[in-house]
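Peer 1: To start, I am sharing the structure in question, which I have written as structure tokens.
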Amino acid sequence: MADNTIIRPPQPKYGINEVVYLKESALLGFLEPAKVFRMRYDPDYKGYIYTFVYKRSKRRPQIAGDAIDLRSDKTIELSEDNLLTYVDALELKVTFLRSELAKAESQLASAQS
């Protein structure tokens with residue numbers, strides 16, 4: 001008897017055109033937004049891979065999703081593990097800033113003694 005079970009991938013965490021934040025930048029204390037351009041389910045990774053457009057049209061490269069010209073811009077792909085919602089990214093940034101403030105207070109206390 002054949003197994004006709006259909007295996008469906010889980011729902012993606014983010015959607016097309018949704019603005020997400022890069023985890024690495026939030027860990028470093030700044031928020032870098034990215035707009036989802038495309039996504040695909042990767043069975044080897046067992047999760048979604050999100051595509052973003054890396055804009056090279058400005059002096060400082062930006063990751064965005066408006067005014068896309070794929071002849072001059074390139075795409076990058078990131079997994080869900082590398083992306084955050086605004087609230088999650090903000091929580092990481094606040095944690096980073098608290099750490100930096102504690103270091104500054106410690107240095108100030110050392111300088112005053």
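Ordering of the structure tokens sets the chain letters (A, B, ...), residue numbers begin anew at 1 in every chain, and ligands are numbered from 1 in the order given.
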If we count only C-alpha atoms, what is near Glu80 of chain A at a cut-off of 8 Å, once residues fewer than 3 positions away on the same chain are taken out, given as a ChimeraX atom specification?
Peer 2: /A:13,47-50,83-84
Peer 1: When DSSP is applied to the backbone of this structure, which of segment 11-100 of chain A are assigned strand (DSSP E)? Write them out as an MDAnalysis selection string.
Peer 2: chainID A and resid 19:22 33:35 38:42 47:55 62:64 74:79 83:84
Peer 1: Using only C-alpha atoms, pick whichever of A:Lys35, A:Lys55, A:Lys103, A:Arg8 has the shortest atom-to-atom distance to Asp73 of chain A.
Peer 2: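 Looking at the shortest contact to Asp73 of chain A, the residue is A:Lys55.
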Peer 1: Residues near Phe30 of chain A, anyone? I mean within 9 Å using only C-alpha atoms, not counting same-chain ones fewer than 3 positions away, as a list in words.
Peer 2: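 Here the answer would be Ser25, Ala26, Leu27, Ala89, Leu90 and Lys93 of chain A.
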Peer 1: For Gly15 of chain A, which of A:Ala109, A:Thr85, A:Thr75, A:Gly29 is the closest residue, counting only C-alpha atoms?
Peer 2: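 That would be A:Thr85, the residue with the smallest distance to Gly15 of chain A.
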Peer 1: What's around Asn82 of chain A at 8 Å? Count only C-alpha atoms, leave out sequence neighbours fewer than 4 positions away in its own chain, and write the answer as a list of chain:residue names.
Peer 2: A:Leu22, A:Lys23, A:Glu24, A:Leu78
Peer 1: Just the selected residues (C-alpha atoms), exported as a PDB file, in the first residue's frame, please.
Peer 2:
ATOM      1  CA  LEU A  22      19.102  41.794  10.686  1.00  0.00           C
ATOM      2  CA  LYS A  23      20.061  39.953  13.863  1.00  0.00           C
ATOM      3  CA  GLU A  24      23.772  40.616  13.476  1.00  0.00           C
ATOM      4  CA  LEU A  78      19.295  34.832   4.705  1.00  0.00           C
TER       5      LEU A  78
END
Peer 1: Could you work out how far atom CA of Ile7 of chain A lies from atom CA of Phe52 of chain A, giving the answer in Å with one decimal?
Peer 2: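 Taking atom CA of Phe52 of chain A and atom CA of Ile7 of chain A, their separation equals 27.3 Å.
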Peer 1: Can you tell me how far atom CA of Asn4 of chain A sits from atom CA of Pro43 of chain A, in Å to one decimal?
Peer 2: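 About the pair atom CA of Asn4 of chain A and atom CA of Pro43 of chain A: they are 18.7 Å apart.
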Peer 1: I want to know what sits within 8 Å of Thr51 of chain A, based on only C-alpha atoms, with residues of the same chain fewer than 4 positions away left out; could you give that as a PyMOL selection string?
Peer 2: chain A and resi 36-39+75-78
Peer 1: Just how far from atom CA of Glu32 of chain A is atom CA of Ile16 of chain A, in Å to one decimal?
Peer 2: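 Straight-line distance from atom CA of Ile16 of chain A to atom CA of Glu32 of chain A works out to 17.4 Å.
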